[in-house]
$ cat final.pdb   # PDB, C-alpha atoms, pLDDT in the B column
MODEL        1
ATOM      1  CA  MET L   1     -43.265  85.689 -11.805  1.00 47.00           C
ATOM      2  CA  LYS L   2     -41.202  86.881  -8.834  1.00 52.00           C
ATOM      3  CA  GLU L   3     -41.151  83.330  -7.440  1.00 57.00           C
ATOM      4  CA  ASN L   4     -39.720  82.034 -10.746  1.00 62.00           C
ATOM      5  CA  ASN L   5     -36.968  84.672 -10.571  1.00 65.00           C
ATOM      6  CA  GLY L   6     -36.151  83.588  -7.009  1.00 72.00           C
ATOM      7  CA  LEU L   7     -36.049  79.946  -8.081  1.00 80.00           C
ATOM      8  CA  ALA L   8     -33.791  80.785 -11.033  1.00 82.00           C
ATOM      9  CA  ALA L   9     -31.460  82.822  -8.794  1.00 81.00           C
ATOM     10  CA  SER L  10     -31.331  80.001  -6.275  1.00 88.00           C
ATOM     11  CA  ALA L  11     -30.587  77.419  -8.985  1.00 91.00           C
ATOM     12  CA  ALA L  12     -27.888  79.648 -10.491  1.00 92.00           C
ATOM     13  CA  PHE L  13     -26.294  80.076  -7.062  1.00 94.00           C
ATOM     14  CA  VAL L  14     -26.180  76.281  -6.664  1.00 95.00           C
ATOM     15  CA  VAL L  15     -24.590  75.847 -10.103  1.00 95.00           C
ATOM     16  CA  VAL L  16     -21.987  78.535  -9.404  1.00 96.00           C
ATOM     17  CA  ARG L  17     -20.974  76.938  -6.085  1.00 97.00           C
ATOM     18  CA  LEU L  18     -20.713  73.528  -7.749  1.00 97.00           C
ATOM     19  CA  ALA L  19     -18.575  75.063 -10.505  1.00 97.00           C
ATOM     20  CA  VAL L  20     -16.267  76.717  -7.965  1.00 98.00           C
ATOM     21  CA  ALA L  21     -15.973  73.417  -6.088  1.00 98.00           C
ATOM     22  CA  GLY L  22     -14.961  71.752  -9.354  1.00 98.00           C
ATOM     23  CA  LEU L  23     -12.407  74.477 -10.112  1.00 97.00           C
ATOM     24  CA  LEU L  24     -10.946  74.109  -6.619  1.00 98.00           C
ATOM     25  CA  VAL L  25     -10.557  70.349  -6.992  1.00 98.00           C
ATOM     26  CA  TRP L  26      -9.140  70.795 -10.483  1.00 97.00           C
ATOM     27  CA  ALA L  27      -6.568  73.166  -8.956  1.00 97.00           C
ATOM     28  CA  LEU L  28      -4.914  70.116  -7.368  1.00 96.00           C
ATOM     29  CA  ALA L  29      -3.332  69.441 -10.774  1.00 95.00           C
ATOM     30  CA  ARG L  30      -0.547  71.634 -12.119  1.00 93.00           C
ATOM     31  CA  HIS L  31      -1.759  74.710 -13.992  1.00 94.00           C
ATOM     32  CA  PRO L  32      -0.257  77.996 -15.151  1.00 95.00           C
ATOM     33  CA  TYR L  33      -0.156  80.746 -12.537  1.00 94.00           C
ATOM     34  CA  SER L  34      -2.941  82.582 -14.378  1.00 95.00           C
ATOM     35  CA  TYR L  35      -5.346  79.726 -13.482  1.00 97.00           C
ATOM     36  CA  TYR L  36      -4.754  80.294  -9.776  1.00 96.00           C
ATOM     37  CA  VAL L  37      -5.210  84.046 -10.160  1.00 96.00           C
ATOM     38  CA  LEU L  38      -8.553  83.442 -11.890  1.00 97.00           C
ATOM     39  CA  LEU L  39      -9.456  80.904  -9.188  1.00 97.00           C
ATOM     40  CA  ARG L  40      -8.812  83.527  -6.494  1.00 97.00           C
ATOM     41  CA  TRP L  41     -11.102  86.060  -8.207  1.00 98.00           C
ATOM     42  CA  VAL L  42     -13.918  83.590  -8.804  1.00 98.00           C
ATOM     43  CA  THR L  43     -13.754  81.953  -5.371  1.00 98.00           C
ATOM     44  CA  CYS L  44     -13.555  85.303  -3.582  1.00 98.00           C
ATOM     45  CA  ALA L  45     -16.513  86.685  -5.551  1.00 98.00           C
ATOM     46  CA  VAL L  46     -18.681  83.647  -4.810  1.00 97.00           C
ATOM     47  CA  ALA L  47     -17.679  83.746  -1.142  1.00 98.00           C
ATOM     48  CA  VAL L  48     -18.569  87.442  -0.878  1.00 97.00           C
ATOM     49  CA  TYR L  49     -21.928  86.822  -2.557  1.00 96.00           C
ATOM     50  CA  SER L  50     -22.504  83.919  -0.151  1.00 96.00           C
ATOM     51  CA  VAL L  51     -21.913  86.264   2.790  1.00 96.00           C
ATOM     52  CA  ILE L  52     -24.409  88.717   1.273  1.00 95.00           C
ATOM     53  CA  VAL L  53     -26.999  85.922   0.995  1.00 94.00           C
ATOM     54  CA  ALA L  54     -26.316  84.355   4.413  1.00 94.00           C
ATOM     55  CA  TRP L  55     -26.295  87.622   6.384  1.00 95.00           C
ATOM     56  CA  PRO L  56     -30.017  88.545   6.121  1.00 94.00           C
ATOM     57  CA  ALA L  57     -30.926  84.905   6.771  1.00 91.00           C
ATOM     58  CA  GLU L  58     -28.893  85.159  10.005  1.00 93.00           C
ATOM     59  CA  ARG L  59     -26.793  82.124   9.113  1.00 93.00           C
ATOM     60  CA  TRP L  60     -23.879  83.410  11.191  1.00 96.00           C
ATOM     61  CA  GLY L  61     -21.739  80.277  10.920  1.00 97.00           C
ATOM     62  CA  TRP L  62     -21.938  80.471   7.133  1.00 96.00           C
ATOM     63  CA  VAL L  63     -21.223  84.211   7.219  1.00 97.00           C
ATOM     64  CA  VAL L  64     -18.024  83.555   9.170  1.00 98.00           C
ATOM     65  CA  ALA L  65     -17.037  80.573   6.992  1.00 98.00           C
ATOM     66  CA  PHE L  66     -17.574  82.388   3.696  1.00 98.00           C
ATOM     67  CA  GLY L  67     -16.033  85.595   5.057  1.00 98.00           C
ATOM     68  CA  THR L  68     -12.919  83.617   5.941  1.00 98.00           C
ATOM     69  CA  VAL L  69     -12.845  82.093   2.453  1.00 98.00           C
ATOM     70  CA  ALA L  70     -13.202  85.561   0.893  1.00 98.00           C
ATOM     71  CA  LEU L  71     -10.271  86.858   2.931  1.00 98.00           C
ATOM     72  CA  LEU L  72      -8.136  83.801   2.181  1.00 98.00           C
ATOM     73  CA  PHE L  73      -8.793  83.931  -1.580  1.00 98.00           C
ATOM     74  CA  ASN L  74      -8.673  87.734  -1.760  1.00 97.00           C
ATOM     75  CA  PRO L  75      -6.905  88.499  -5.063  1.00 96.00           C
ATOM     76  CA  LEU L  76      -5.967  92.066  -4.116  1.00 96.00           C
ATOM     77  CA  VAL L  77      -3.931  91.144  -1.030  1.00 95.00           C
ATOM     78  CA  PRO L  78      -2.999  87.521  -1.728  1.00 94.00           C
ATOM     79  CA  VAL L  79      -2.151  85.071   1.011  1.00 95.00           C
ATOM     80  CA  HIS L  80       1.029  83.186   0.119  1.00 94.00           C
ATOM     81  CA  LEU L  81       1.130  79.572   1.309  1.00 96.00           C
ATOM     82  CA  ASP L  82       2.943  76.495   0.050  1.00 95.00           C
ATOM     83  CA  ARG L  83       1.369  74.189  -2.512  1.00 94.00           C
ATOM     84  CA  SER L  84       0.438  71.409  -0.062  1.00 96.00           C
ATOM     85  CA  THR L  85      -1.329  73.865   2.260  1.00 97.00           C
ATOM     86  CA  TRP L  86      -3.284  75.308  -0.668  1.00 97.00           C
ATOM     87  CA  ALA L  87      -4.224  71.773  -1.763  1.00 97.00           C
ATOM     88  CA  THR L  88      -5.776  71.107   1.643  1.00 98.00           C
ATOM     89  CA  ILE L  89      -7.533  74.483   1.660  1.00 98.00           C
ATOM     90  CA  ASP L  90      -8.876  73.896  -1.865  1.00 98.00           C
ATOM     91  CA  VAL L  91     -10.423  70.564  -0.855  1.00 98.00           C
ATOM     92  CA  VAL L  92     -11.917  71.999   2.354  1.00 98.00           C
ATOM     93  CA  VAL L  93     -13.368  75.027   0.532  1.00 98.00           C
ATOM     94  CA  ALA L  94     -14.768  72.787  -2.231  1.00 98.00           C
ATOM     95  CA  ALA L  95     -16.514  70.726   0.471  1.00 98.00           C
ATOM     96  CA  LEU L  96     -17.771  73.955   2.079  1.00 98.00           C
ATOM     97  CA  MET L  97     -19.208  75.158  -1.243  1.00 97.00           C
ATOM     98  CA  ILE L  98     -21.039  71.872  -1.770  1.00 97.00           C
ATOM     99  CA  GLY L  99     -22.054  71.498   1.878  1.00 96.00           C
ATOM    100  CA  SER L 100     -23.591  74.966   1.980  1.00 95.00           C
ATOM    101  CA  ILE L 101     -26.082  74.239  -0.795  1.00 94.00           C
ATOM    102  CA  PRO L 102     -28.962  73.058   1.436  1.00 91.00           C
ATOM    103  CA  PHE L 103     -28.369  75.820   3.991  1.00 91.00           C
ATOM    104  CA  VAL L 104     -27.570  78.999   2.038  1.00 90.00           C
ATOM    105  CA  ARG L 105     -29.976  79.751  -0.783  1.00 83.00           C
ATOM    106  CA  GLY L 106     -29.862  82.625  -3.232  1.00 74.00           C
ATOM    107  CA  GLY L 107     -32.750  84.667  -4.506  1.00 60.00           C
ATOM    108  CA  PRO L 108     -35.165  86.925  -2.671  1.00 53.00           C
ATOM    109  CA  SER L 109     -35.853  86.246   0.993  1.00 53.00           C
ATOM    110  CA  ARG L 110     -39.173  84.703   1.852  1.00 47.00           C
ATOM    111  CA  PRO L 111     -41.233  86.190   4.685  1.00 39.00           C
TER     112      PRO L 111
ENDMDL
END
$ encode --input "final.pdb" --output "structure tokens"
Amino acid sequence: MKENNGLAASAAFVVVRLAVAGLLVWALARHPYSYYVLLRWVTCAVAVYSVIVAWPAERWGWVVAFGTVALLFNPLVPVHLDRSTWATIDVVVAALMIGSIPFVRGGPSRP
């Protein structure tokens, strides 16, 4: 039963990162400001969770990458950049979310 829960958590973590990647790419179009505020919250939350998952697995490169994303998308102390810079960052972070899937897995750690 515990293994099924770990598999479900891992699958959910994959789906969430794919969804965030999609939201980041979709952000390249014009949206109301509220969309970008929501995007900051969601991306930051997923990045923080990714750090929490990568840390015990000692995936230090991923910890640094996701920690940087969490700081950059932090909704409480927002980073203000121009639209073209954010477009580049959105594409890079979307690629990071997708690229991390085989390397950073959610769910309980296996011995």
$ closest_residue --input "final.pdb" --among "L:Val69, L:Leu81, L:Ala29, L:Ala47" --to "Arg17 (chain L)" --atoms "all atoms listed in the file"
L:Ala47
$ atom_distance --input "final.pdb" --atom1 "CA of Ala95 (chain L)" --atom2 "CA of Val63 (chain L)"
15.8 Å
$ axis_aligned_box --input "final.pdb" --around "region 19-30 of chain L" --padding-each-side "6 Å" --output "JSON"
{"center_x": -9.6, "center_y": 73.1, "center_z": -9.1, "size_x": 30.0, "size_y": 19.3, "size_z": 18.0}
$ atom_distance --input "final.pdb" --atom1 "CA of Leu72 (chain L)" --atom2 "CA of Thr43 (chain L)"
9.6 Å
$ atom_distance --input "final.pdb" --atom1 "CA of Leu23 (chain L)" --atom2 "CA of Leu39 (chain L)"
7.1 Å
$ residues_around --input "final.pdb" --residues "Ala87 (chain L)" --least-positions-apart "5" --cutoff "10 Å" --atoms "only C-alpha atoms" --output "MDAnalysis selection string"
chainID L and resid 24:25 27:29 81:82 92:93
$ residues_around --input "final.pdb" --residues "Val79 (chain L)" --least-positions-apart "5" --cutoff "12 Å" --atoms "all atoms listed in the file" --output "PyMOL selection string"
chain L and resi 37+40+68-74+85-86+89
$ resolve_selection --input "final.pdb" --expression "the PyMOL selection byres ((chain L and resi 98) around 12)" --output "compact mmCIF listing (two decimals) with C-alpha atoms, in the coordinates of the input"
# COMPACT_ATOMS: atom_id res chain seq x y z
CA PHE L 13 -26.29 80.08 -7.06
CA VAL L 14 -26.18 76.28 -6.66
CA VAL L 15 -24.59 75.85 -10.10
CA VAL L 16 -21.99 78.54 -9.40
CA ARG L 17 -20.97 76.94 -6.08
CA LEU L 18 -20.71 73.53 -7.75
CA ALA L 19 -18.58 75.06 -10.50
CA VAL L 20 -16.27 76.72 -7.96
CA ALA L 21 -15.97 73.42 -6.09
CA GLY L 22 -14.96 71.75 -9.35
CA LEU L 24 -10.95 74.11 -6.62
CA VAL L 25 -10.56 70.35 -6.99
CA VAL L 91 -10.42 70.56 -0.86
CA VAL L 92 -11.92 72.00 2.35
CA VAL L 93 -13.37 75.03 0.53
CA ALA L 94 -14.77 72.79 -2.23
CA ALA L 95 -16.51 70.73 0.47
CA LEU L 96 -17.77 73.96 2.08
CA MET L 97 -19.21 75.16 -1.24
CA GLY L 99 -22.05 71.50 1.88
CA SER L 100 -23.59 74.97 1.98
CA ILE L 101 -26.08 74.24 -0.80
CA PRO L 102 -28.96 73.06 1.44
CA PHE L 103 -28.37 75.82 3.99
CA VAL L 104 -27.57 79.00 2.04
CA ARG L 105 -29.98 79.75 -0.78
$ closest_residue --input "final.pdb" --among "L:Gly61, L:Pro56, L:Pro75, L:Gly67" --to "Trp41 (chain L)" --atoms "only C-alpha atoms"
L:Pro75
$ closest_residue --input "final.pdb" --among "L:Trp55, L:Cys44, L:Ala9, L:Pro32" --to "Pro78 (chain L)" --atoms "all atoms listed in the file"
L:Cys44
$ closest_residue --input "final.pdb" --among "L:Ser84, L:Arg30, L:Leu38, L:Ala45" --to "Phe66 (chain L)" --atoms "only C-alpha atoms"
L:Ala45
$ decode --input "final.pdb" --residues "chain L" --atoms "C-alpha atoms" --output "PDB file, in the first residue's frame"
ATOM      1  CA  MET L   1       0.000   0.000   0.000  1.00  0.00           C
ATOM      2  CA  LYS L   2       2.818   2.402   0.887  1.00  0.00           C
ATOM      3  CA  GLU L   3       4.441   1.757  -2.504  1.00  0.00           C
ATOM      4  CA  ASN L   4       1.184   2.728  -4.267  1.00  0.00           C
ATOM      5  CA  ASN L   5       1.096   5.983  -2.279  1.00  0.00           C
ATOM      6  CA  GLY L   6       4.694   6.713  -3.307  1.00  0.00           C
ATOM      7  CA  LEU L   7       3.862   5.986  -6.940  1.00  0.00           C
ATOM      8  CA  ALA L   8       0.790   8.234  -6.781  1.00  0.00           C
ATOM      9  CA  ALA L   9       2.814  11.046  -5.169  1.00  0.00           C
ATOM     10  CA  SER L  10       5.508  10.684  -7.801  1.00  0.00           C
ATOM     11  CA  ALA L  11       2.952  10.736 -10.634  1.00  0.00           C
ATOM     12  CA  ALA L  12       1.217  13.777  -9.131  1.00  0.00           C
ATOM     13  CA  PHE L  13       4.557  15.580  -8.860  1.00  0.00           C
ATOM     14  CA  VAL L  14       5.202  14.900 -12.562  1.00  0.00           C
ATOM     15  CA  VAL L  15       1.749  16.202 -13.525  1.00  0.00           C
ATOM     16  CA  VAL L  16       2.185  19.348 -11.426  1.00  0.00           C
ATOM     17  CA  ARG L  17       5.568  20.147 -13.011  1.00  0.00           C
ATOM     18  CA  LEU L  18       4.125  19.598 -16.487  1.00  0.00           C
ATOM     19  CA  ALA L  19       1.207  21.887 -15.611  1.00  0.00           C
ATOM     20  CA  VAL L  20       3.558  24.608 -14.350  1.00  0.00           C
ATOM     21  CA  ALA L  21       5.638  24.276 -17.523  1.00  0.00           C
ATOM     22  CA  GLY L  22       2.458  24.760 -19.552  1.00  0.00           C
ATOM     23  CA  LEU L  23       1.440  27.799 -17.490  1.00  0.00           C
ATOM     24  CA  LEU L  24       4.902  29.305 -17.963  1.00  0.00           C
ATOM     25  CA  VAL L  25       4.765  28.865 -21.733  1.00  0.00           C
ATOM     26  CA  TRP L  26       1.209  30.184 -21.806  1.00  0.00           C
ATOM     27  CA  ALA L  27       2.492  33.271 -19.961  1.00  0.00           C
ATOM     28  CA  LEU L  28       4.225  34.306 -23.200  1.00  0.00           C
ATOM     29  CA  ALA L  29       0.822  35.550 -24.395  1.00  0.00           C
ATOM     30  CA  ARG L  30      -0.754  38.675 -22.936  1.00  0.00           C
ATOM     31  CA  HIS L  31      -2.786  38.064 -19.785  1.00  0.00           C
ATOM     32  CA  PRO L  32      -4.207  40.178 -16.973  1.00  0.00           C
ATOM     33  CA  TYR L  33      -1.785  40.982 -14.163  1.00  0.00           C
ATOM     34  CA  SER L  34      -3.653  38.572 -11.879  1.00  0.00           C
ATOM     35  CA  TYR L  35      -2.493  35.656 -14.092  1.00  0.00           C
ATOM     36  CA  TYR L  36       1.146  36.524 -13.453  1.00  0.00           C
ATOM     37  CA  VAL L  37       0.530  36.862  -9.719  1.00  0.00           C
ATOM     38  CA  LEU L  38      -1.049  33.392  -9.686  1.00  0.00           C
ATOM     39  CA  LEU L  39       1.842  32.092 -11.809  1.00  0.00           C
ATOM     40  CA  ARG L  40       4.335  33.403  -9.236  1.00  0.00           C
ATOM     41  CA  TRP L  41       2.533  31.631  -6.372  1.00  0.00           C
ATOM     42  CA  VAL L  42       2.192  28.329  -8.206  1.00  0.00           C
ATOM     43  CA  THR L  43       5.718  28.295  -9.640  1.00  0.00           C
ATOM     44  CA  CYS L  44       7.274  29.286  -6.314  1.00  0.00           C
ATOM     45  CA  ALA L  45       5.314  26.604  -4.442  1.00  0.00           C
ATOM     46  CA  VAL L  46       6.323  23.874  -6.893  1.00  0.00           C
ATOM     47  CA  ALA L  47       9.943  25.040  -6.801  1.00  0.00           C
ATOM     48  CA  VAL L  48       9.991  24.972  -2.991  1.00  0.00           C
ATOM     49  CA  TYR L  49       8.464  21.485  -2.967  1.00  0.00           C
ATOM     50  CA  SER L  50      11.074  20.413  -5.534  1.00  0.00           C
ATOM     51  CA  VAL L  51      13.833  21.624  -3.206  1.00  0.00           C
ATOM     52  CA  ILE L  52      12.239  19.643  -0.365  1.00  0.00           C
ATOM     53  CA  VAL L  53      12.229  16.506  -2.545  1.00  0.00           C
ATOM     54  CA  ALA L  54      15.719  16.993  -4.024  1.00  0.00           C
ATOM     55  CA  TRP L  55      17.469  17.801  -0.730  1.00  0.00           C
ATOM     56  CA  PRO L  56      17.264  14.353   0.958  1.00  0.00           C
ATOM     57  CA  ALA L  57      18.182  12.719  -2.356  1.00  0.00           C
ATOM     58  CA  GLU L  58      21.325  14.905  -2.361  1.00  0.00           C
ATOM     59  CA  ARG L  59      20.569  16.265  -5.824  1.00  0.00           C
ATOM     60  CA  TRP L  60      22.463  19.478  -5.079  1.00  0.00           C
ATOM     61  CA  GLY L  61      22.331  20.886  -8.611  1.00  0.00           C
ATOM     62  CA  TRP L  62      18.548  20.561  -8.598  1.00  0.00           C
ATOM     63  CA  VAL L  63      18.364  22.060  -5.101  1.00  0.00           C
ATOM     64  CA  VAL L  64      20.250  25.131  -6.319  1.00  0.00           C
ATOM     65  CA  ALA L  65      18.244  25.359  -9.563  1.00  0.00           C
ATOM     66  CA  PHE L  66      14.854  25.073  -7.869  1.00  0.00           C
ATOM     67  CA  GLY L  67      15.950  27.322  -4.996  1.00  0.00           C
ATOM     68  CA  THR L  68      16.863  29.980  -7.546  1.00  0.00           C
ATOM     69  CA  VAL L  69      13.482  29.569  -9.248  1.00  0.00           C
ATOM     70  CA  ALA L  70      11.709  29.889  -5.881  1.00  0.00           C
ATOM     71  CA  LEU L  71      13.562  33.119  -5.131  1.00  0.00           C
ATOM     72  CA  LEU L  72      12.947  34.516  -8.615  1.00  0.00           C
ATOM     73  CA  PHE L  73       9.209  33.731  -8.563  1.00  0.00           C
ATOM     74  CA  ASN L  74       8.774  34.652  -4.893  1.00  0.00           C
ATOM     75  CA  PRO L  75       5.373  36.390  -4.719  1.00  0.00           C
ATOM     76  CA  LEU L  76       6.052  38.110  -1.390  1.00  0.00           C
ATOM     77  CA  VAL L  77       9.125  40.040  -2.550  1.00  0.00           C
ATOM     78  CA  PRO L  78       8.638  40.145  -6.323  1.00  0.00           C
ATOM     79  CA  VAL L  79      11.505  40.574  -8.737  1.00  0.00           C
ATOM     80  CA  HIS L  80      10.638  43.235 -11.312  1.00  0.00           C
ATOM     81  CA  LEU L  81      12.060  42.616 -14.788  1.00  0.00           C
ATOM     82  CA  ASP L  82      10.950  43.672 -18.250  1.00  0.00           C
ATOM     83  CA  ARG L  83       8.598  41.527 -20.306  1.00  0.00           C
ATOM     84  CA  SER L  84      11.254  40.137 -22.674  1.00  0.00           C
ATOM     85  CA  THR L  85      13.465  39.042 -19.765  1.00  0.00           C
ATOM     86  CA  TRP L  86      10.511  37.309 -18.105  1.00  0.00           C
ATOM     87  CA  ALA L  87       9.683  35.588 -21.410  1.00  0.00           C
ATOM     88  CA  THR L  88      13.173  34.086 -21.528  1.00  0.00           C
ATOM     89  CA  ILE L  89      13.024  33.092 -17.858  1.00  0.00           C
ATOM     90  CA  ASP L  90       9.591  31.496 -18.343  1.00  0.00           C
ATOM     91  CA  VAL L  91      10.867  29.321 -21.200  1.00  0.00           C
ATOM     92  CA  VAL L  92      14.021  28.315 -19.293  1.00  0.00           C
ATOM     93  CA  VAL L  93      12.050  27.463 -16.134  1.00  0.00           C
ATOM     94  CA  ALA L  94       9.487  25.493 -18.174  1.00  0.00           C
ATOM     95  CA  ALA L  95      12.374  23.472 -19.651  1.00  0.00           C
ATOM     96  CA  LEU L  96      13.805  23.007 -16.139  1.00  0.00           C
ATOM     97  CA  MET L  97      10.458  21.711 -14.848  1.00  0.00           C
ATOM     98  CA  ILE L  98      10.208  19.199 -17.687  1.00  0.00           C
ATOM     99  CA  GLY L  99      13.903  18.294 -17.621  1.00  0.00           C
ATOM    100  CA  SER L 100      13.826  17.538 -13.904  1.00  0.00           C
ATOM    101  CA  ILE L 101      11.186  14.826 -14.234  1.00  0.00           C
ATOM    102  CA  PRO L 102      13.582  11.865 -14.636  1.00  0.00           C
ATOM    103  CA  PHE L 103      15.928  13.150 -11.924  1.00  0.00           C
ATOM    104  CA  VAL L 104      13.745  14.519  -9.111  1.00  0.00           C
ATOM    105  CA  ARG L 105      10.959  12.203  -8.021  1.00  0.00           C
ATOM    106  CA  GLY L 106       8.322  12.816  -5.385  1.00  0.00           C
ATOM    107  CA  GLY L 107       7.009  10.375  -2.845  1.00  0.00           C
ATOM    108  CA  PRO L 108       8.768   8.584  -0.017  1.00  0.00           C
ATOM    109  CA  SER L 109      12.489   7.934  -0.319  1.00  0.00           C
ATOM    110  CA  ARG L 110      13.554   4.404  -1.057  1.00  0.00           C
ATOM    111  CA  PRO L 111      16.348   2.839   1.000  1.00  0.00           C
TER     112      PRO L 111
END
